[in-house]
Amino acid sequence: MANLSDYMPFRIDPANVGITGGTINGVVIGGVNPDAATFTTVTADSAVAGTQTANATGSTTLDFSANQNFVLTLTGNVTLANPTTEAVGQSGFIVMIQDATGGRTVSLGTEYETAGAGGLTLSTAASTTDIVPYIVAASGRILLGAPQLAFA
């Protein structure tokens, strides 16, 4: 019977890796005994692929550690406050639905960025839905894509 190491183009000696604490993101294959096909899985910090659904008015902070996507019904003017829970590389979408009154606006905290610093212009008609994609480029930098407007 072949050993796992027979199929590996290289071998890493776990005793010489030099990791002493910290966080490893992903899966470590080989563990302490690659010949015996011992596998060690490390759980990485990441957002849950869930969706937060909420009515929103005033200052609203999105919980990126618990959700990847957000569906907000705007019941008043909203300011997306700077979060502290985003993870670099996280991406998803923010759906913004005007309530039956419409005319609601969305302002952005300083950690939300738009192309050309143009801000976010959304539909204002009652009951319309806009979708805004995002990606977290770095801690404190949430890049917003072009909104898809006026789903009705």
# chains A, B, ... in the order shown; residues from 1 in each chain; ligands from 1
call {"tool": "residues_around", "arguments": {"residues": "Gly58 (chain A)", "least_positions_apart": "4", "cutoff": "7 Å", "atoms": "only C-alpha atoms", "output": "ChimeraX atom specification"}}
result
/A:76-79
call {"tool": "residues_around", "arguments": {"residues": "Ala49 (chain A)", "least_positions_apart": "4", "cutoff": "9 Å", "atoms": "only C-alpha atoms", "output": "VMD selection string"}}
result
chain A and resid 66 to 69 92
call {"tool": "write_last_selection", "arguments": {"atoms": "N, CA and C atoms", "output": "PDB file, in the first residue's frame"}}
result
ATOM      1  N   ALA A  66     -22.045  37.556  11.512  1.00  0.00           N
ATOM      2  CA  ALA A  66     -23.159  36.608  11.568  1.00  0.00           C
ATOM      3  C   ALA A  66     -23.859  36.444  10.230  1.00  0.00           C
ATOM      4  N   ASN A  67     -23.601  37.359   9.292  1.00  0.00           N
ATOM      5  CA  ASN A  67     -24.338  37.347   8.019  1.00  0.00           C
ATOM      6  C   ASN A  67     -23.440  37.716   6.861  1.00  0.00           C
ATOM      7  N   GLN A  68     -23.788  37.187   5.717  1.00  0.00           N
ATOM      8  CA  GLN A  68     -23.094  37.532   4.485  1.00  0.00           C
ATOM      9  C   GLN A  68     -23.933  38.493   3.652  1.00  0.00           C
ATOM     10  N   ASN A  69     -25.246  38.332   3.725  1.00  0.00           N
ATOM     11  CA  ASN A  69     -26.174  39.140   2.933  1.00  0.00           C
ATOM     12  C   ASN A  69     -27.153  39.841   3.862  1.00  0.00           C
ATOM     13  N   GLY A  92     -20.833  39.840  -0.637  1.00  0.00           N
ATOM     14  CA  GLY A  92     -22.247  39.501  -0.628  1.00  0.00           C
ATOM     15  C   GLY A  92     -23.044  40.640  -1.219  1.00  0.00           C
TER      16      GLY A  92
END
call {"tool": "closest_residue", "arguments": {"among": "A:Thr60, A:Asn55, A:Phe70, A:Ser139", "to": "Thr84 (chain A)", "atoms": "only C-alpha atoms"}}
result
A:Ser139
call {"tool": "residues_around", "arguments": {"residues": "Asn82 (chain A)", "least_positions_apart": "5", "cutoff": "9 Å", "atoms": "only C-alpha atoms", "output": "count of residues only"}}
result
9
call {"tool": "closest_residue", "arguments": {"among": "A:Ala150, A:Ala56, A:Ala87, A:Ile142", "to": "Ser123 (chain A)", "atoms": "only C-alpha atoms"}}
result
A:Ala150
call {"tool": "closest_residue", "arguments": {"among": "A:Val88, A:Ala100, A:Ala125, A:Val71", "to": "Leu143 (chain A)", "atoms": "only C-alpha atoms"}}
result
A:Val88
call {"tool": "atom_distance", "arguments": {"atom1": "CA of Ala146 (chain A)", "atom2": "CA of Met96 (chain A)"}}
result
13.3 Å
call {"tool": "closest_residue", "arguments": {"among": "A:Ala152, A:Arg104, A:Thr53, A:Ser91", "to": "Val132 (chain A)", "atoms": "only C-alpha atoms"}}
result
A:Ser91
call {"tool": "select_by_dssp", "arguments": {"residues": "region 58-114 of chain A", "states": "strand (DSSP E or B)", "output": "ChimeraX atom specification"}}
result
/A:58-60,69-80,91-98,106-108,112-114
call {"tool": "residues_around", "arguments": {"residues": "Thr101 (chain A)", "least_positions_apart": "4", "cutoff": "9 Å", "atoms": "only C-alpha atoms", "output": "list of chain:residue names"}}
result
A:Thr75, A:Ala125, A:Ala126, A:Ser127
call {"tool": "write_last_selection", "arguments": {"atoms": "C-alpha atoms", "output": "PDB file, in the first residue's frame"}}
result
ATOM      1  CA  THR A  75     -38.738  52.682   7.131  1.00  0.00           C
ATOM      2  CA  ALA A 125     -40.318  55.146  -5.407  1.00  0.00           C
ATOM      3  CA  ALA A 126     -42.494  53.348  -2.867  1.00  0.00           C
ATOM      4  CA  SER A 127     -41.939  49.588  -2.591  1.00  0.00           C
TER       5      SER A 127
END
call {"tool": "atom_distance", "arguments": {"atom1": "CA of Asp63 (chain A)", "atom2": "CA of Thr51 (chain A)"}}
result
10.0 Å
call {"tool": "closest_residue", "arguments": {"among": "A:Gly50, A:Gly145, A:Pro83, A:Gly89", "to": "Gly118 (chain A)", "atoms": "only C-alpha atoms"}}
result
A:Gly145
call {"tool": "atom_distance", "arguments": {"atom1": "CA of Arg141 (chain A)", "atom2": "CA of Asp99 (chain A)"}}
result
28.7 Å
call {"tool": "decode", "arguments": {"residues": "region 54-147 of chain A", "atoms": "C-alpha atoms", "output": "compact mmCIF listing (two decimals), in the first residue's frame"}}
result
# COMPACT_ATOMS: atom_id res chain seq x y z
CA ALA A 54 -34.62 43.84 9.21
CA ASN A 55 -36.55 47.09 9.13
CA ALA A 56 -34.04 49.93 9.15
CA THR A 57 -34.19 53.58 10.13
CA GLY A 58 -31.54 55.89 11.59
CA SER A 59 -28.06 54.57 12.32
CA THR A 60 -27.84 50.90 11.28
CA THR A 61 -24.82 48.65 11.83
CA LEU A 62 -24.62 45.48 9.73
CA ASP A 63 -23.35 42.36 11.53
CA PHE A 64 -20.86 40.91 9.05
CA SER A 65 -19.70 38.19 11.47
CA ALA A 66 -23.16 36.61 11.57
CA ASN A 67 -24.34 37.35 8.02
CA GLN A 68 -23.09 37.53 4.49
CA ASN A 69 -26.17 39.14 2.93
CA PHE A 70 -28.56 41.79 4.19
CA VAL A 71 -32.17 42.68 3.33
CA LEU A 72 -33.18 46.03 4.76
CA THR A 73 -36.65 47.53 4.49
CA LEU A 74 -36.13 51.27 4.75
CA THR A 75 -38.74 52.68 7.13
CA GLY A 76 -36.91 56.00 7.47
CA ASN A 77 -33.67 57.57 6.29
CA VAL A 78 -30.72 55.27 7.08
CA THR A 79 -27.04 55.76 7.79
CA LEU A 80 -24.96 52.59 7.46
CA ALA A 81 -22.69 52.92 10.49
CA ASN A 82 -19.13 51.62 10.39
CA PRO A 83 -19.05 47.96 11.43
CA THR A 84 -16.34 46.18 13.42
CA THR A 85 -17.20 42.63 12.35
CA GLU A 86 -16.23 42.50 8.67
CA ALA A 87 -13.72 39.91 7.39
CA VAL A 88 -11.28 40.64 4.58
CA GLY A 89 -12.43 38.88 1.41
CA GLN A 90 -16.04 38.64 2.54
CA SER A 91 -18.52 39.52 -0.16
CA GLY A 92 -22.25 39.50 -0.63
CA PHE A 93 -25.11 41.87 -1.25
CA ILE A 94 -27.26 44.41 0.53
CA VAL A 95 -30.88 44.58 -0.61
CA MET A 96 -32.63 47.85 0.18
CA ILE A 97 -36.41 47.96 -0.09
CA GLN A 98 -38.33 51.23 0.09
CA ASP A 99 -41.35 50.94 2.37
CA ALA A 100 -44.87 51.88 1.18
CA THR A 101 -44.03 55.56 1.73
CA GLY A 102 -40.78 55.60 -0.29
CA GLY A 103 -38.41 58.55 -0.52
CA ARG A 104 -35.97 57.03 2.00
CA THR A 105 -32.26 57.82 1.62
CA VAL A 106 -29.15 55.89 2.62
CA SER A 107 -25.97 57.60 3.83
CA LEU A 108 -22.69 55.77 4.29
CA GLY A 109 -20.25 55.56 7.16
CA THR A 110 -16.62 56.34 6.31
CA GLU A 111 -15.68 52.66 5.89
CA TYR A 112 -18.09 52.20 2.99
CA GLU A 113 -16.57 53.26 -0.33
CA THR A 114 -18.12 53.75 -3.76
CA ALA A 115 -16.47 54.14 -7.16
CA GLY A 116 -15.14 57.66 -7.62
CA ALA A 117 -16.38 58.49 -4.09
CA GLY A 118 -19.73 59.14 -5.76
CA GLY A 119 -21.87 57.94 -2.89
CA LEU A 120 -24.90 55.72 -3.20
CA THR A 121 -27.95 56.79 -5.20
CA LEU A 122 -30.92 54.48 -4.79
CA SER A 123 -34.47 54.31 -6.09
CA THR A 124 -36.95 56.37 -4.10
CA ALA A 125 -40.32 55.15 -5.41
CA ALA A 126 -42.49 53.35 -2.87
CA SER A 127 -41.94 49.59 -2.59
CA THR A 128 -38.99 49.44 -5.00
CA THR A 129 -36.04 47.16 -4.37
CA ASP A 130 -32.36 47.89 -5.07
CA ILE A 131 -29.46 45.46 -4.77
CA VAL A 132 -25.95 46.65 -3.85
CA PRO A 133 -23.03 44.18 -4.06
CA TYR A 134 -20.08 44.56 -1.68
CA ILE A 135 -16.63 43.14 -0.97
CA VAL A 136 -14.43 43.75 2.07
CA ALA A 137 -11.04 44.77 0.64
CA ALA A 138 -9.33 45.40 3.99
CA SER A 139 -10.25 46.09 7.57
CA GLY A 140 -12.25 49.31 7.45
CA ARG A 141 -12.74 49.21 3.64
CA ILE A 142 -16.06 47.91 2.37
CA LEU A 143 -16.27 48.49 -1.37
CA LEU A 144 -19.79 48.89 -2.74
CA GLY A 145 -20.50 47.98 -6.35
CA ALA A 146 -22.92 49.69 -8.69
CA PRO A 147 -26.50 49.31 -7.44
